[in-house]
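Source file: query36.pdb; contents: PDB, C-alpha atoms and all ligand atoms.
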```pdb
ATOM      1  CA  MET A   1     -67.634 -47.740 -18.212  1.00  0.00           C
ATOM      2  CA  LEU A   2     -66.560 -44.768 -16.157  1.00  0.00           C
ATOM      3  CA  PRO A   3     -64.755 -45.114 -12.830  1.00  0.00           C
ATOM      4  CA  ILE A   4     -66.936 -45.248  -9.742  1.00  0.00           C
ATOM      5  CA  ALA A   5     -65.600 -41.896  -8.497  1.00  0.00           C
ATOM      6  CA  LYS A   6     -67.071 -40.077 -11.471  1.00  0.00           C
ATOM      7  CA  ARG A   7     -70.462 -41.703 -11.016  1.00  0.00           C
ATOM      8  CA  THR A   8     -70.388 -40.820  -7.350  1.00  0.00           C
ATOM      9  CA  ALA A   9     -69.682 -37.175  -8.135  1.00  0.00           C
ATOM     10  CA  CYS A  10     -72.619 -37.106 -10.487  1.00  0.00           C
ATOM     11  CA  ALA A  11     -74.914 -38.943  -8.091  1.00  0.00           C
ATOM     12  CA  ARG A  12     -73.969 -36.397  -5.446  1.00  0.00           C
ATOM     13  CA  ALA A  13     -74.842 -33.536  -7.789  1.00  0.00           C
ATOM     14  CA  VAL A  14     -78.206 -35.095  -8.577  1.00  0.00           C
ATOM     15  CA  ALA A  15     -78.875 -35.748  -4.903  1.00  0.00           C
ATOM     16  CA  ALA A  16     -78.048 -32.131  -4.111  1.00  0.00           C
ATOM     17  CA  TRP A  17     -80.397 -30.980  -6.835  1.00  0.00           C
ATOM     18  CA  LEU A  18     -83.215 -33.208  -5.534  1.00  0.00           C
ATOM     19  CA  ALA A  19     -82.615 -31.926  -2.012  1.00  0.00           C
ATOM     20  CA  ALA A  20     -82.818 -28.345  -3.283  1.00  0.00           C
ATOM     21  CA  LEU A  21     -86.065 -29.133  -5.074  1.00  0.00           C
ATOM     22  CA  ALA A  22     -87.531 -30.754  -1.995  1.00  0.00           C
ATOM     23  CA  ALA A  23     -86.454 -27.807   0.142  1.00  0.00           C
ATOM     24  CA  SER A  24     -88.074 -25.390  -2.281  1.00  0.00           C
ATOM     25  CA  GLY A  25     -91.393 -27.152  -1.783  1.00  0.00           C
ATOM     26  CA  ILE A  26     -92.425 -26.429  -5.354  1.00  0.00           C
ATOM     27  CA  SER A  27     -91.403 -29.744  -6.818  1.00  0.00           C
ATOM     28  CA  SER A  28     -91.394 -31.872  -3.702  1.00  0.00           C
ATOM     29  CA  ALA A  29     -94.095 -34.091  -5.173  1.00  0.00           C
ATOM     30  CA  ILE A  30     -91.828 -34.934  -8.113  1.00  0.00           C
ATOM     31  CA  ALA A  31     -88.812 -35.531  -5.901  1.00  0.00           C
ATOM     32  CA  ALA A  32     -90.852 -37.703  -3.554  1.00  0.00           C
ATOM     33  CA  SER A  33     -92.260 -39.806  -6.381  1.00  0.00           C
ATOM     34  CA  SER A  34     -88.718 -41.114  -7.114  1.00  0.00           C
ATOM     35  CA  GLN A  35     -89.320 -40.687 -10.831  1.00  0.00           C
ATOM     36  CA  PRO A  36     -85.989 -40.475 -12.636  1.00  0.00           C
ATOM     37  CA  GLU A  37     -85.295 -36.940 -13.792  1.00  0.00           C
ATOM     38  CA  TRP A  38     -85.337 -38.060 -17.445  1.00  0.00           C
ATOM     39  CA  ALA A  39     -88.785 -39.706 -17.219  1.00  0.00           C
ATOM     40  CA  SER A  40     -90.474 -36.803 -19.016  1.00  0.00           C
ATOM     41  CA  PHE A  41     -88.574 -37.400 -22.251  1.00  0.00           C
ATOM     42  CA  GLY A  42     -88.204 -41.174 -22.530  1.00  0.00           C
ATOM     43  CA  GLU A  43     -86.032 -43.918 -21.107  1.00  0.00           C
ATOM     44  CA  PRO A  44     -82.751 -45.727 -21.743  1.00  0.00           C
ATOM     45  CA  SER A  45     -82.894 -48.914 -23.770  1.00  0.00           C
ATOM     46  CA  HIS A  46     -80.561 -51.561 -25.184  1.00  0.00           C
ATOM     47  CA  HIS A  47     -81.782 -52.352 -28.666  1.00  0.00           C
ATOM     48  CA  GLY A  48     -82.213 -49.485 -31.080  1.00  0.00           C
ATOM     49  CA  THR A  49     -84.492 -49.926 -34.087  1.00  0.00           C
ATOM     50  CA  ARG A  50     -82.822 -47.007 -35.828  1.00  0.00           C
ATOM     51  CA  THR A  51     -79.236 -45.786 -35.772  1.00  0.00           C
ATOM     52  CA  VAL A  52     -78.436 -42.084 -35.991  1.00  0.00           C
ATOM     53  CA  ALA A  53     -74.800 -41.036 -36.361  1.00  0.00           C
ATOM     54  CA  ILE A  54     -74.050 -37.648 -34.797  1.00  0.00           C
ATOM     55  CA  ILE A  55     -70.841 -35.707 -35.366  1.00  0.00           C
ATOM     56  CA  ALA A  56     -69.778 -33.168 -32.748  1.00  0.00           C
ATOM     57  CA  THR A  57     -67.389 -30.365 -33.704  1.00  0.00           C
ATOM     58  CA  GLU A  58     -66.758 -26.762 -32.557  1.00  0.00           C
ATOM     59  CA  MET A  59     -69.488 -25.691 -32.102  1.00  0.00           C
ATOM     60  CA  LYS A  60     -72.222 -27.790 -33.645  1.00  0.00           C
ATOM     61  CA  PHE A  61     -73.833 -31.185 -34.027  1.00  0.00           C
ATOM     62  CA  THR A  62     -74.447 -32.714 -37.448  1.00  0.00           C
ATOM     63  CA  PRO A  63     -77.270 -33.447 -38.041  1.00  0.00           C
ATOM     64  CA  SER A  64     -79.028 -31.019 -35.731  1.00  0.00           C
ATOM     65  CA  ASN A  65     -82.685 -31.753 -36.473  1.00  0.00           C
ATOM     66  CA  LEU A  66     -84.329 -35.124 -35.940  1.00  0.00           C
ATOM     67  CA  ALA A  67     -87.896 -36.290 -36.434  1.00  0.00           C
ATOM     68  CA  ILE A  68     -88.695 -39.371 -34.408  1.00  0.00           C
ATOM     69  CA  ALA A  69     -91.861 -41.425 -34.117  1.00  0.00           C
ATOM     70  CA  ARG A  70     -93.246 -41.810 -30.625  1.00  0.00           C
ATOM     71  CA  GLY A  71     -92.188 -45.193 -29.291  1.00  0.00           C
ATOM     72  CA  GLU A  72     -89.141 -45.379 -31.548  1.00  0.00           C
ATOM     73  CA  THR A  73     -85.841 -46.509 -30.029  1.00  0.00           C
ATOM     74  CA  VAL A  74     -82.827 -44.697 -31.421  1.00  0.00           C
ATOM     75  CA  ARG A  75     -79.224 -45.802 -31.198  1.00  0.00           C
ATOM     76  CA  PHE A  76     -77.193 -42.593 -31.210  1.00  0.00           C
ATOM     77  CA  VAL A  77     -73.585 -43.127 -32.245  1.00  0.00           C
ATOM     78  CA  ILE A  78     -71.840 -39.887 -31.352  1.00  0.00           C
ATOM     79  CA  THR A  79     -68.324 -39.052 -32.507  1.00  0.00           C
ATOM     80  CA  ASN A  80     -66.332 -36.060 -31.344  1.00  0.00           C
ATOM     81  CA  ARG A  81     -64.422 -34.837 -34.398  1.00  0.00           C
ATOM     82  CA  GLY A  82     -63.551 -31.595 -32.648  1.00  0.00           C
ATOM     83  CA  LYS A  83     -60.377 -30.518 -30.909  1.00  0.00           C
ATOM     84  CA  THR A  84     -61.835 -30.170 -27.413  1.00  0.00           C
ATOM     85  CA  ARG A  85     -64.023 -32.198 -25.074  1.00  0.00           C
ATOM     86  CA  HIS A  86     -67.768 -32.189 -25.823  1.00  0.00           C
ATOM     87  CA  GLU A  87     -70.904 -33.660 -24.366  1.00  0.00           C
ATOM     88  CA  PHE A  88     -74.027 -35.139 -25.874  1.00  0.00           C
ATOM     89  CA  VAL A  89     -77.020 -34.836 -23.573  1.00  0.00           C
ATOM     90  CA  ILE A  90     -80.613 -35.735 -24.394  1.00  0.00           C
ATOM     91  CA  GLY A  91     -83.237 -33.794 -22.470  1.00  0.00           C
ATOM     92  CA  ASP A  92     -86.179 -31.489 -22.391  1.00  0.00           C
ATOM     93  CA  GLN A  93     -85.750 -27.745 -21.837  1.00  0.00           C
ATOM     94  CA  ALA A  94     -85.909 -28.060 -18.066  1.00  0.00           C
ATOM     95  CA  PHE A  95     -83.357 -30.855 -17.919  1.00  0.00           C
ATOM     96  CA  GLN A  96     -80.905 -29.027 -20.197  1.00  0.00           C
ATOM     97  CA  ALA A  97     -81.243 -25.795 -18.219  1.00  0.00           C
ATOM     98  CA  GLN A  98     -80.574 -27.608 -14.952  1.00  0.00           C
ATOM     99  CA  HIS A  99     -77.648 -29.549 -16.380  1.00  0.00           C
ATOM    100  CA  MET A 100     -76.122 -26.362 -17.818  1.00  0.00           C
ATOM    101  CA  ARG A 101     -76.272 -24.787 -14.363  1.00  0.00           C
ATOM    102  CA  GLU A 102     -74.490 -27.820 -12.895  1.00  0.00           C
ATOM    103  CA  MET A 103     -71.810 -27.741 -15.593  1.00  0.00           C
ATOM    104  CA  ALA A 104     -71.305 -24.006 -15.088  1.00  0.00           C
ATOM    105  CA  GLN A 105     -70.563 -24.688 -11.417  1.00  0.00           C
ATOM    106  CA  MET A 106     -68.491 -27.831 -12.021  1.00  0.00           C
ATOM    107  CA  PRO A 107     -67.183 -27.705 -15.606  1.00  0.00           C
ATOM    108  CA  ASP A 108     -64.708 -30.532 -15.009  1.00  0.00           C
ATOM    109  CA  MET A 109     -67.341 -32.937 -13.752  1.00  0.00           C
ATOM    110  CA  MET A 110     -67.727 -35.969 -16.007  1.00  0.00           C
ATOM    111  CA  MET A 111     -71.360 -36.975 -16.073  1.00  0.00           C
ATOM    112  CA  SER A 112     -72.292 -40.600 -16.628  1.00  0.00           C
ATOM    113  CA  GLU A 113     -76.046 -40.470 -16.662  1.00  0.00           C
ATOM    114  CA  VAL A 114     -78.007 -42.761 -18.986  1.00  0.00           C
ATOM    115  CA  ASN A 115     -78.930 -39.847 -21.258  1.00  0.00           C
ATOM    116  CA  GLU A 116     -75.454 -38.320 -21.409  1.00  0.00           C
ATOM    117  CA  ALA A 117     -72.122 -39.011 -23.081  1.00  0.00           C
ATOM    118  CA  ASP A 118     -68.884 -37.187 -22.365  1.00  0.00           C
ATOM    119  CA  LEU A 119     -66.520 -37.321 -25.331  1.00  0.00           C
ATOM    120  CA  ALA A 120     -62.813 -36.608 -25.574  1.00  0.00           C
ATOM    121  CA  PRO A 121     -61.541 -35.538 -29.027  1.00  0.00           C
ATOM    122  CA  GLY A 122     -61.714 -38.527 -31.376  1.00  0.00           C
ATOM    123  CA  GLN A 123     -63.933 -40.544 -29.065  1.00  0.00           C
ATOM    124  CA  THR A 124     -67.148 -42.312 -30.115  1.00  0.00           C
ATOM    125  CA  LYS A 125     -69.880 -43.335 -27.690  1.00  0.00           C
ATOM    126  CA  THR A 126     -73.338 -44.852 -28.041  1.00  0.00           C
ATOM    127  CA  ILE A 127     -76.586 -43.983 -26.283  1.00  0.00           C
ATOM    128  CA  VAL A 128     -79.735 -45.988 -26.910  1.00  0.00           C
ATOM    129  CA  TRP A 129     -82.862 -44.031 -26.070  1.00  0.00           C
ATOM    130  CA  ARG A 130     -86.532 -44.896 -26.359  1.00  0.00           C
ATOM    131  CA  PHE A 131     -88.671 -41.848 -27.087  1.00  0.00           C
ATOM    132  CA  SER A 132     -91.853 -42.904 -25.340  1.00  0.00           C
ATOM    133  CA  LYS A 133     -93.178 -39.363 -24.922  1.00  0.00           C
ATOM    134  CA  ALA A 134     -94.264 -37.011 -27.681  1.00  0.00           C
ATOM    135  CA  GLY A 135     -92.827 -33.534 -27.569  1.00  0.00           C
ATOM    136  CA  GLU A 136     -90.002 -31.197 -28.501  1.00  0.00           C
ATOM    137  CA  PHE A 137     -86.687 -32.191 -26.977  1.00  0.00           C
ATOM    138  CA  LEU A 138     -83.075 -31.126 -27.283  1.00  0.00           C
ATOM    139  CA  PHE A 139     -79.682 -32.713 -27.515  1.00  0.00           C
ATOM    140  CA  ALA A 140     -76.966 -30.385 -26.380  1.00  0.00           C
ATOM    141  CA  CYS A 141     -73.410 -29.980 -25.236  1.00  0.00           C
ATOM    142  CA  ASP A 142     -73.842 -28.461 -21.793  1.00  0.00           C
ATOM    143  CA  LEU A 143     -70.213 -27.425 -21.318  1.00  0.00           C
ATOM    144  CA  PRO A 144     -70.109 -23.700 -20.511  1.00  0.00           C
ATOM    145  CA  GLY A 145     -70.859 -21.635 -23.625  1.00  0.00           C
ATOM    146  CA  HIS A 146     -71.055 -24.522 -26.095  1.00  0.00           C
ATOM    147  CA  ALA A 147     -74.841 -24.745 -26.543  1.00  0.00           C
ATOM    148  CA  GLN A 148     -75.010 -20.948 -26.682  1.00  0.00           C
ATOM    149  CA  GLN A 149     -72.538 -21.043 -29.578  1.00  0.00           C
ATOM    150  CA  GLY A 150     -74.592 -23.607 -31.485  1.00  0.00           C
ATOM    151  CA  MET A 151     -74.030 -27.027 -29.940  1.00  0.00           C
ATOM    152  CA  VAL A 152     -77.700 -27.830 -29.684  1.00  0.00           C
ATOM    153  CA  GLY A 153     -79.966 -30.011 -31.785  1.00  0.00           C
ATOM    154  CA  HIS A 154     -83.732 -30.423 -31.916  1.00  0.00           C
ATOM    155  CA  ILE A 155     -85.710 -33.631 -31.599  1.00  0.00           C
ATOM    156  CA  ARG A 156     -89.382 -33.654 -32.509  1.00  0.00           C
ATOM    157  CA  VAL A 157     -91.231 -36.749 -31.303  1.00  0.00           C
ATOM    158  CA  ARG A 158     -94.694 -37.342 -32.725  1.00  0.00           C
TER     159      ARG A 158
HETATM  160 CU    CU B 201     -69.195 -28.898 -26.604  1.00  0.00          CU
END
```
Target format structure tokens, applied to this file:
Amino acid sequence: MLPIAKRTACARAVAAWLAALAASGISSAIAASSQPEWASFGEPSHHGTRTVAIIATEMKFTPSNLAIARGETVRFVITNRGKTRHEFVIGDQAFQAQHMREMAQMPDMMMSEVNEADLAPGQTKTIVWRFSKAGEFLFACDLPGHAQQGMVGHIRVR
């Protein structure tokens, strides 16, 4: 569990993003519906039916391509075998783009969202995710420059 302060920082960032969306008017319907921002690509769960081990290094994830059946619940066990901090974030294109913008502005922010793990060198964390929606999704390290250098993986849910 992460300290409250870190969660608060993240909650503030999300709140600011929602406020910006609402102010823009374009996505006010989404913001007003109180749907979590990850609702378009699945939901957190507790019991995975399949375990996938992911290794993070500079600058890639291994494996980097996953085929998942719609409705499948995956227990991701992510280990940072690199020399620097990395993230593992599950999302669709829009979520990753938004999160990358946030990380570019606040690269030291430790996120603790349900679809995100922040890993120090040598650290292992687990995320259990149910892929209830079909589609093409990404897992990425959204630290500045990392995804651009190859720290991105593809998830196809059918
Ligand atoms: Cu990284």
Could you give me, as a count of residues only, every polymer residue with an atom at most 10 Å away from an atom of ligand CU 201 (chain B), counting all atoms listed in the file? 29
Here's the selection I'm unsure about, the PyMOL selection byres (((chain A and resi 126) around 10) and not hetatm); applied to the file above, which residues does it give, as JSON, numbers by chain? {"A": [51, 52, 53, 54, 75, 76, 77, 78, 79, 88, 116, 117, 124, 125, 127, 128, 129]}
Grab all the atoms of range 67-86 of chain A that the file lists, wrap them in a box along x, y and z, add 5 Å per side, and give me centre plus edge lengths in Å (one decimal) as lines of an AutoDock Vina configuration file.
```
center_x = -76.8
center_y = -38.3
center_z = -30.8
size_x = 42.9
size_y = 26.3
size_z = 21.4
```
Give me, please, the distance in Å between CA of Gln96 in chain A and CA of Thr73 in chain A, quoted to one decimal.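 Atom-to-atom, CA of Gln96 in chain A and CA of Thr73 in chain A are spaced 20.7 Å apart.
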Taking all atoms listed in the file into account, which of A:Ser40, A:Gln93, A:Ser45, A:Gln123 comes nearest Phe137 in chain A?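 Residue with the minimum atom-to-atom distance to Phe137 in chain A: A:Gln93.
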Pick from A:Ile155, A:Ala94, A:Val114, A:Ala134: nearest to Ala67 in chain A, with all atoms listed in the file counted?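 Checking each candidate against Ala67 in chain A, we get A:Ile155 as the closest.
Coordinates place CA of Ala120 in chain A at a distance of 25.4 Å from CA of Glu37 in chain A.
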Nearest to Glu43 in chain A among A:Gln98, A:Asn65, A:Gln105, A:Ser132, with distances taken over only C-alpha atoms: which residue is it?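 Nearest candidate to Glu43 in chain A out of A:Gln98, A:Asn65, A:Gln105, A:Ser132: A:Ser132.
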Nearest to Gly91 in chain A, chosen from A:Arg156, A:Ile55, A:Gly122, A:Pro63, with only C-alpha atoms counted in the distances: A:Arg156
Calculate how many Å separate CA of Gly153 in chain A from CA of Leu66 in chain A, rounding to one decimal. 7.9 Å
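Neighbouring residues of Gly42 in chain A at 6 Å or closer, counting only C-alpha atoms and skipping chain neighbours under 6 positions away, are Arg130, Phe131, Ser132 and Lys133 of chain A.
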Determine the nearest neighbour of His99 in chain A from the options A:Ile68, A:Glu136, A:Trp38, A:Thr62, counting only C-alpha atoms.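 So, comparing all the options, the nearest one is A:Trp38.
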Find the residue from A:Pro121, A:Pro36, A:Gly135, A:Gly48 that sits nearest to Arg81 in chain A; use all atoms listed in the file when measuring.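 Closest to Arg81 in chain A, using all atoms listed in the file: A:Pro121.
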